[in-house]
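Q: Let me begin by handing over the structure; questions about it come next.
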Amino acid sequence: MPYYEYELCDGDCKACGGKFTLRRPVTAPDLTKCPACKKPVRKLITGFSSPQKLKPLSVSDAKKAGFSVYKRLGKGEFERQ
Ligand SMILES: [Zn+2]
């Protein structure tokens, strides 16, 4: 599944830092609201994005926000945390 980058349209969010990446199926509809704060978000069209520029999300914060967090175990293998 690809990662999508989202940014809050307005305001600030403590859970997502105002900008976050989310792994979503290609078939899933675009996210319109932050899962944590329910504020409107827009998908960023960044092409080759640099995730290391983003504020890191802690696993516990991400889970609180309803994100699915995966730990990469190896090539093509992920463990759901
Ligand atoms: Zn948020």
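Residue numbers start at 1 in each chain; chains themselves are named A, B, ... in the order of the structure tokens; ligands are numbered from 1 in the order shown.
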Can you pull out the residues contacting range 2-11 of chain A? Cut-off 6 Å, using only C-alpha atoms, and skip same-chain residues under 5 positions away; I want them as a list in words.

A: Gly18, Lys19, Phe20, Thr21, Leu22, Arg23, Pro40, Val41, Arg42, Lys43 and Leu44 of chain A

Q: Per residue of chain A within 6 Å of ligand 1, which atom pair is closest and at what distance in Å (one decimal), using only C-alpha atoms and all ligand atoms, listed by chain and increasing number, as CSV?

A:
residue,atom,partner,partner_atom_place_in_ligand_line,distance
A:Cys13,CA,ligand 1,1 (Zn),4.2
A:Ala15,CA,ligand 1,1 (Zn),5.4
A:Cys16,CA,ligand 1,1 (Zn),4.6
A:Gly18,CA,ligand 1,1 (Zn),5.9
A:Cys34,CA,ligand 1,1 (Zn),4.5
A:Ala36,CA,ligand 1,1 (Zn),4.9
A:Cys37,CA,ligand 1,1 (Zn),4.4

Q: Please determine, counting only C-alpha atoms, which residue among A:Pro35, A:Gly74, A:Pro25, A:Gly17 has the shortest atom-to-atom distance to Ser58 in chain A.

A: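 Smallest separation from Ser58 in chain A among the options: A:Gly17.
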
Q: A:Lys64, A:Arg80, A:Leu31, A:Lys38: which is nearest Asp12 in chain A, counting only C-alpha atoms?

A: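 Using only C-alpha atoms, Asp12 in chain A sits closest to A:Lys38.
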
Q: Just give me the gap between CA of Thr32 in chain A and CA of Gly76 in chain A in Å, one decimal is fine.

A: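 Calculated distance between CA of Thr32 in chain A and CA of Gly76 in chain A is 28.8 Å.
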